[in-house]
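Worksheet for the structure shown next.
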Amino acid sequence: MNLTFSPQSIINWMVSFWEMGYISIMRKSVLFASLFLCFLLLSTTVLGQDKVYRIGSEKESAGGIVKIGGSVLQSETEAPIFGAEVEVRSLKQKTTTDSLGQFLLALPSGIHQVHLEAIGFLPFDFQVRIYEDGNLVLRLELEIFELEEVVIEDESSKDPLQNISLGLEHMELEKMERQSLFMGETDVLRSLQSVSGVSSVGEGASGFNVRGGNADENLILQDGGLVLNPTHALGIFSLFHPDLLSEFDLYKGGAPARYGGRLSSVLSVKLREGNRQKYKGKGGVGLASSRLSFEGPIRKGKSSFLVGVRASHLNWIIHAVNNIDLQKSDVFFYDVTAKIDGRWGQNTRWGVSFFDSGDTFQFAEEAKLQYGTRSGTAYLKHLVGDKLSLNADANVGRYTSTLFDVNGNDQSELDMQVDYYRSRLNALWNPTENQKINVGVEGNLYQVSPGALTPVGESILQSRTIPKELGLELSAYASYGVKLWSVLDIEVGLRYTDYRRLGSGETYLYQDGEERRFSSIIDTVQYGQGETMAQYDGLEPRFSLKWNVNERAALKAGYQRTYQYISQVSNTASAAPIDLWQLSDQYILPQFADSYSIGYVQTFPGSELNSSATVFYRDIHRLVDYKDFANLLLNEHLETEIVSGIGRAYGLETQLQHYGGKHLWEVNYTFSRSLRQVEETEVQAAVNGGNWYASYYDKPHNLNINYSFVPSKRHTLSFNFTYSTGRPTTVPISNFVSGNLLNIPVYSQRNQYRIPAYHRLDVSYTVDLRKQSYQKWESNWTFSIYNVYARKNAYSIYFRQTPFERVTPYRLAVLGAAFPSITYNFQF
Amino acid sequence: MHYPFSIYRLIPALLILAMFATACIDEVDFPIEREDPIIFVDGMIADSLTTYKIRLGYSAEIGEGNDNILIPIIDAVVEVHDDQGNVVNFESDGTGFYLAEMEGVPGRSYQLKARVSGGQQIESEMQILPQAIPLGRITSEVKIEEFLNNFNNLSTRESLILKVSSSIPSGERPYLRWRVSGQYEFREGYPGALNTKWCYAPDIVDLNQLNILSSRLLGGNELRDQEILLTDYNYRFAYMYCFHVQQLRISEQEFNYWSQVDLLLNRSGSLFDPPPGSIKGNMYDLEDKNQPVLGFFSVAGASYKRQFVSRDSTNIYIDDRCRFRFNQPLPQPCYDCLDLTGSTTQRPDYWIP
């Protein structure tokens, strides 16, 4: 069914495009104008399809209305295309495909011209002669010809005028690759930090902070599988394999009811599907790591596999450093990601994905740290009729960390582990074109092993194990979305969660009216296997509204309540890989937050410019913070180290973006605050006298500017500038002396000072190597410089004092130099 | 050692490693607001008859030119009371130290009371003097580390590690702290010297070091090879060096206090550093308990031992400081060893040949 692309077909396509009507053209012009240019400039050979389909016989036709259903697939991979428009213009009938790529139209028996289009694919016109109910499988060809000055993007999900969710950030791999890269690595977490409202505590911090929330308040999913630690190398790299990703969505607010369990945000990273027609490979060799992926059909056209591996090779850099300790040290990380997907019949799709990652650090002959994630996910999607879609997925995962002390008389291993089991059933029903109803249930089972200390060799330590903890979180949710008068979108949702901390285990009872301390324990209550030790439930209402003020502007508002039943226990500025996860129990109550936001989106006619401004406010209840010098390791009565308070975060996020043409740029500025208050109660002491204080990630001003210049298809030059207020810190304000000239510092109240502001400029240049049409090998080089002007940004300020000398502040700048790198990427 | 291991000290090292040694540390200006000085107390009594010192003063400001300038309190009334009604008066020496000879009794409780001239009265909580844990074997070893010198050549440096082994009484889980002081033999020597003297010089060897242990983490009742001191292995060990090791059994409250001090002293600046905080000792203001009072009045059960170390016992040769080197002037103590601070020619009676 190949078709040679001809000038006539271009003209036909132009005409049909124009016939779509002015409004539709305006809404889609950003994408299709560029697509159209490509057609004009680079007419080439593309695949086509038969133009006439026949269903049933005219002679046997009973006339009347017949139903035509079917699937729209990518011709190369057989992956379903979501959101493709199937239109019979003469009847003004139109529908769009669902997530399985399926559609249904009711048409009068007879001959109809059908127009099929989807963003990023060549449109397709065909004739159908239909006389009885029937199905079609239609394939669209991805735009694979060489593009000149064109960036294809999923406008429907990116277009802020179409998204109801206020706070949804959508990013595709292409945009991530355009951004300046650290050590040549495309990195989801670093890309995230260019988004307004997202920040991190510092370079090398694990995770990210959204609208003033903790890093553990982000629900991170890769293809539906839970990820507890999304970083390699203590936070320098993210663990998502860039060549296997298709896109990510970050809900900073306005998360649909189907998501829950975390206070701040949802990050959903999606793996792409493997190629169903051909075997292909992709990879890259960089200074820090190298990667390779391979994909292809299992049963041609029916199922595919995709597998990628990545491994670091940092040791040659470390061993080249003029330092004995580093020369005796080792750093290594790897990840393996695999996915198999396929379909059963027309209406069912299935997939299995697997992920395994590991990190190892050995520092000289002193310490060794290992941590890793192993996770598997399976999903099944089934379409019932044309309006109901059923999804089921299940995820099993494990996060482990081990710290080895390899020196002295206390040699030991400290192991921690979290096992999690997660499953979800979801039904999406579109009773009419303007309504959608989503219902589902979700279950999460966590088994936390908070710590097991094992002495090694001649160690003087005794082995010790903190009992395992078990938590079950069962949720049901429903949401209803409706479009009214073509300009108003409303979505309301409700999520209910029942959480139980299950035995076996024991709970300590403390003396009434006394601060919780080890010494105030008066009794211990034992619970048997499966017995409920603590139970909580919570209703989480969700509300989103979008009012299209006119064709170019929309007003949005949202509210959500979220509960969180598992938290990472960390009293440091950034969570460490060895920090344990703690389930809510009798004393550590589930945190919950109420988030409000309102925003305005404006696009500008005649340009590819859009802007937005959002104001948000979040109230956090039962916030967990820590006493000074909290001892969190191997602690069976963690409640004695924890204090409970409230928090609030608020701010203004602004965004100005320009996409298209040779100049792509984006300016994001955020003003935000993140504050906490812990007051004195019967069972706890106040923090900072009960006054409000800044959280570690309270950085009021954040500015990110990205600019990419794409003079031709081969060359991309990108700049990234970032600025943020310094994070809060606690510093010594005086000192005194004890005994053998031990200078003891006296510190300020918590987070009363700030480290200096952070800013840096990065630049990267990517050049694609020319290839001949007969060559299968494609490649490019990426040159990048991180921190071009070598600013020594303070990672932290800390103080040292030696006897007879003054207390001296020191700045630790982790990447305090310009950091050049080069990466070679290839595909075949 | 208050955590099973010094976990928070290892993570920063790993982080630096992860940053491929591009990390740099440099001194910066960091303005700190002026704070009112806070009264502090530092003192200890134990179960041995000796002269004890208690120090009173006001904390020093931080900032260039102000550090370490503690304001001594010289005219306070300082007393130690026990639960039997006995009172020991500590006399001011005029420099902020208060001295008295006494001997604590295990099992009794003691309390420090001080009245400052402005009328402020501070007190410690009652502290029980615990039974001392006998100090067991003391051993030493020389650790040789490789490093790259300024000329990028591989070189070595030696450190001496002092270790103790003690038996913990069955059923007890004491908290321990070790204090170490030193004394070394020094021989004058210069070209043409005839009657060279031998001197015995004191050495503040555990300067700024803090060694504590919770035996709650121990498996069994034997504490083996616990490192209590790390010091440069240099000319001080050319002849004979005497370590005076004191093993103090302290209260849980005091152990927690020193644990917190230890955390503050060993900060590396990493994001994984546990946050600093306000340390609360066992002193408080009698009138206003919210008024901060710094420091800790320690009441400990003490055991003591000496350990002699020399280059002969370590079998690792170390040069005499006064060995003549061409074109290198000899330090002044080589001409007169009494120039060493606090030194004497009087050989201590416990010194071994």
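Ligands are numbered from 1 in the order shown, residues from 1 within each chain, and chains are lettered A, B, ... in the order they appear in the structure tokens.
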Contacts between chain B and chain A, please, where a residue of chain A counts if it comes within 7 Å (with only C-alpha atoms); show its shortest atom pair and distance in Å to one decimal, rows by chain and ascending number, as CSV.
residue,atom,partner,partner_atom,distance
A:Ala233,CA,B:Ala18,CA,6.0
A:Leu234,CA,B:Leu15,CA,6.7
A:Ile317,CA,B:Phe20,CA,6.8
A:Ile318,CA,B:Phe20,CA,5.5
A:Asn323,CA,B:Leu148,CA,6.8
A:Ile324,CA,B:Phe147,CA,5.7
A:Leu326,CA,B:Leu17,CA,6.9
A:Val331,CA,B:Ala18,CA,7.0
A:Phe361,CA,B:Leu14,CA,6.8
A:Phe363,CA,B:Leu14,CA,6.1
A:Ala367,CA,B:Leu10,CA,6.5
A:Asp405,CA,B:Phe5,CA,6.9
A:Asn409,CA,B:Asp225,CA,6.6
A:Asp410,CA,B:Phe5,CA,6.7
A:Ile460,CA,B:Leu218,CA,5.7
A:Leu461,CA,B:Leu218,CA,4.4
A:Gln462,CA,B:Gly219,CA,3.7
A:Asn571,CA,B:Pro274,CA,6.2
A:Thr572,CA,B:Pro274,CA,5.0
A:Ala573,CA,B:Leu271,CA,5.1
A:Ser574,CA,B:Leu271,CA,5.4
A:Ala575,CA,B:Phe272,CA,6.9
A:Ala576,CA,B:Phe272,CA,6.3
A:Asp628,CA,B:Gly277,CA,5.0
A:Phe629,CA,B:Gln260,CA,6.5
A:Thr730,CA,B:Pro276,CA,6.8
A:Ile733,CA,B:Ile62,CA,5.8
A:Ser734,CA,B:Glu61,CA,4.6
A:Asn735,CA,B:Ala60,CA,5.3
A:Phe736,CA,B:Ser59,CA,4.9
A:Ser738,CA,B:Asp42,CA,5.8
A:Asn740,CA,B:Leu207,CA,5.5
A:Leu741,CA,B:Asn208,CA,5.8
A:Leu742,CA,B:Asn208,CA,4.5
A:Ile744,CA,B:Val261,CA,6.6
A:Val746,CA,B:Ser278,CA,6.7
A:Tyr747,CA,B:Ser278,CA,6.0
A:Arg750,CA,B:Gly277,CA,6.9
A:Ser796,CA,B:Gly269,CA,5.5
A:Ile797,CA,B:Gly269,CA,6.2
A:Tyr798,CA,B:Gly269,CA,5.1
A:Pro803,CA,B:Asn208,CA,7.0
A:Arg806,CA,B:Asp67,CA,4.9
A:Val807,CA,B:Asp67,CA,6.3
A:Pro809,CA,B:Val28,CA,5.9
A:Tyr810,CA,B:Glu27,CA,4.4
A:Arg811,CA,B:Asp26,CA,5.4
A:Leu812,CA,B:Ile25,CA,4.6
A:Ala813,CA,B:Cys24,CA,5.3
A:Val814,CA,B:Ala23,CA,4.0
A:Leu815,CA,B:Ala23,CA,5.5
A:Gly816,CA,B:Ala23,CA,6.1
(request) Tell me which protein, DNA and RNA residues are within 6 Å of B:Met283, counting only C-alpha atoms, leaving out same-chain ones fewer than 6 positions away, and put them as an MDAnalysis selection string. (result) chainID B and resid 123:124 293
Selected residues, N, CA and C atoms, written as a CSV table (one decimal), in the first residue's frame, please.
chain,number,residue,atom,x,y,z
B,123,GLU,N,22.1,26.4,88.2
B,123,GLU,CA,22.2,25.1,88.9
B,123,GLU,C,22.2,24.0,87.8
B,124,SER,N,22.9,22.9,88.2
B,124,SER,CA,22.8,21.7,87.4
B,124,SER,C,21.7,20.8,88.0
B,293,VAL,N,21.4,28.3,79.3
B,293,VAL,CA,22.7,28.1,80.0
B,293,VAL,C,23.5,27.0,79.3
Among stretch 181-237 of chain B, which ones does DSSP assign to helix (DSSP H, G or I) (computed from the backbone)? Answer as a PDB file with N, CA, C and O atoms, in the first residue's frame.
ATOM      1  N   SER B 215      27.783   1.525  75.055  1.00  0.00           N
ATOM      2  CA  SER B 215      27.981   0.075  75.005  1.00  0.00           C
ATOM      3  C   SER B 215      26.666  -0.650  74.732  1.00  0.00           C
ATOM      4  O   SER B 215      26.642  -1.864  74.637  1.00  0.00           O
ATOM      5  N   ARG B 216      25.594   0.094  74.607  1.00  0.00           N
ATOM      6  CA  ARG B 216      24.316  -0.546  74.275  1.00  0.00           C
ATOM      7  C   ARG B 216      24.378  -1.234  72.919  1.00  0.00           C
ATOM      8  O   ARG B 216      23.595  -2.110  72.618  1.00  0.00           O
ATOM      9  N   LEU B 217      25.284  -0.774  72.058  1.00  0.00           N
ATOM     10  CA  LEU B 217      25.386  -1.358  70.724  1.00  0.00           C
ATOM     11  C   LEU B 217      26.320  -2.556  70.681  1.00  0.00           C
ATOM     12  O   LEU B 217      26.454  -3.203  69.651  1.00  0.00           O
ATOM     13  N   TYR B 235      58.586  13.206  66.241  1.00  0.00           N
ATOM     14  CA  TYR B 235      59.741  13.221  67.152  1.00  0.00           C
ATOM     15  C   TYR B 235      59.355  12.958  68.609  1.00  0.00           C
ATOM     16  O   TYR B 235      60.193  12.540  69.414  1.00  0.00           O
ATOM     17  N   ARG B 236      58.103  13.200  68.987  1.00  0.00           N
ATOM     18  CA  ARG B 236      57.711  13.008  70.388  1.00  0.00           C
ATOM     19  C   ARG B 236      57.879  11.550  70.819  1.00  0.00           C
ATOM     20  O   ARG B 236      57.946  11.253  72.002  1.00  0.00           O
ATOM     21  N   PHE B 237      57.895  10.681  69.827  1.00  0.00           N
ATOM     22  CA  PHE B 237      58.009   9.254  70.136  1.00  0.00           C
ATOM     23  C   PHE B 237      59.435   8.726  69.935  1.00  0.00           C
ATOM     24  O   PHE B 237      59.665   7.530  69.938  1.00  0.00           O
TER      25      PHE B 237
END
(request) Quick one: pull the distance between atom CA of A:Gly372 and atom CA of A:Val418, Å, one decimal. (result) 10.8 Å
(request) Please return as a ChimeraX atom specification: the residues of stretch 203-340 of chain B that backbone DSSP assigns to strand (DSSP E). (result) /B:203,211-214,222-232,241-250,283-285,294-309
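Straight-line separation from atom CA of A:Val525 to atom CA of A:Thr507: 5.1 Å.
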(message) Between A:Ala757, A:Phe604, A:Asn825, A:Tyr477, which residue has the minimum interatomic distance to A:Leu292, considering only C-alpha atoms?
(response)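 When distances to A:Leu292 are compared using only C-alpha atoms, the smallest one comes from A:Asn825.
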(message) I'd like the neighbourhood of B:Thr341 as an NGL selection string, where a residue qualifies if any of its atoms comes within 9 Å (using only C-alpha atoms), though same-chain residues fewer than 2 positions away should be ignored.
(response) :B and (201-203 or 338-339 or 343)
Same residues, C-alpha atoms, saved as a PDB file, in the first residue's frame:
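Result written to part36.pdb:
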ATOM      1  CA  ALA B 201      57.140  17.926  78.473  1.00  0.00           C
ATOM      2  CA  PRO B 202      53.353  17.796  78.805  1.00  0.00           C
ATOM      3  CA  ASP B 203      51.354  17.359  75.634  1.00  0.00           C
ATOM      4  CA  LEU B 338      63.067  23.828  79.175  1.00  0.00           C
ATOM      5  CA  ASP B 339      61.809  26.089  76.393  1.00  0.00           C
ATOM      6  CA  SER B 343      58.550  21.042  80.625  1.00  0.00           C
TER       7      SER B 343
END
(message) Here is a test: counting only C-alpha atoms, which residue of A:Ile65, A:Thr614, A:Gly528, A:Tyr496 is nearest to A:Leu168?
(response)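 Of all the options, A:Thr614 lies closest to A:Leu168.
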Spatial neighbours of A:Pro256, max dist 9 Å, only C-alpha atoms, sep filter under 2 positions, as a PDB file with C-alpha atoms, in the first residue's frame:
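And here is the file that came out, result02.pdb:
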ATOM      1  CA  SER A 165      -5.501  20.613  34.741  1.00  0.00           C
ATOM      2  CA  TYR A 251       1.034  17.373  37.949  1.00  0.00           C
ATOM      3  CA  GLY A 254      -4.897  19.534  39.853  1.00  0.00           C
ATOM      4  CA  ARG A 258      -6.928   8.458  39.949  1.00  0.00           C
ATOM      5  CA  TYR A 259      -3.681   9.654  41.489  1.00  0.00           C
ATOM      6  CA  GLY A 260      -3.162   9.800  45.224  1.00  0.00           C
ATOM      7  CA  SER A 479     -14.406  11.733  38.668  1.00  0.00           C
ATOM      8  CA  GLU A 491     -14.032  18.152  36.401  1.00  0.00           C
ATOM      9  CA  VAL A 492     -14.952  17.036  39.875  1.00  0.00           C
ATOM     10  CA  GLY A 493     -13.525  14.038  41.585  1.00  0.00           C
ATOM     11  CA  ARG A 542     -10.646  17.244  43.573  1.00  0.00           C
ATOM     12  CA  PHE A 543     -11.954  20.056  41.430  1.00  0.00           C
ATOM     13  CA  SER A 544     -10.720  21.594  38.216  1.00  0.00           C
ATOM     14  CA  GLN A 560      -7.266  19.215  45.683  1.00  0.00           C
TER      15      GLN A 560
END
(message) One decimal, in Å: what's the spacing between atom CA of A:Gln591 and atom CA of A:Glu473?
(response) 14.0 Å
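Ranking A:Asn218, A:Ala392, A:Arg272, A:Thr97 by their shortest atom-to-atom distance to A:Val441, with only C-alpha atoms included, puts A:Ala392 first.
Summary of the local environment: counting only C-alpha atoms, residues at most 9 Å from A:His637, other than itself and those fewer than 5 positions away along its chain, are A:Thr507, A:Tyr508, A:Arg517, A:Phe518.
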File of the preceding selection, N, CA, C and O atoms, as a short mmCIF file (atom, residue, chain, number, x, y, z; two decimals), in the first residue's frame:
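What ended up in again23.cif:
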data_model
loop_
_atom_site.label_atom_id
_atom_site.label_comp_id
_atom_site.auth_asym_id
_atom_site.auth_seq_id
_atom_site.Cartn_x
_atom_site.Cartn_y
_atom_site.Cartn_z
N THR A 507 3.56 -1.51 69.77
CA THR A 507 3.42 -0.07 69.92
C THR A 507 3.76 0.31 71.35
O THR A 507 3.32 -0.35 72.28
N TYR A 508 4.57 1.34 71.48
CA TYR A 508 4.94 1.78 72.82
C TYR A 508 3.89 2.76 73.34
O TYR A 508 3.37 3.59 72.60
N ARG A 517 9.60 10.37 75.05
CA ARG A 517 11.01 10.01 75.13
C ARG A 517 11.09 8.53 75.44
O ARG A 517 10.13 7.94 75.92
N PHE A 518 12.27 8.01 75.23
CA PHE A 518 12.48 6.60 75.57
C PHE A 518 12.15 6.38 77.04
O PHE A 518 11.54 5.38 77.42
#
(message) I need the residue nearest A:Glu366 from this list: A:Asn720, A:Asn668, A:Asn407, A:Asn430. Use only C-alpha atoms for the distance.
(response) A:Asn407
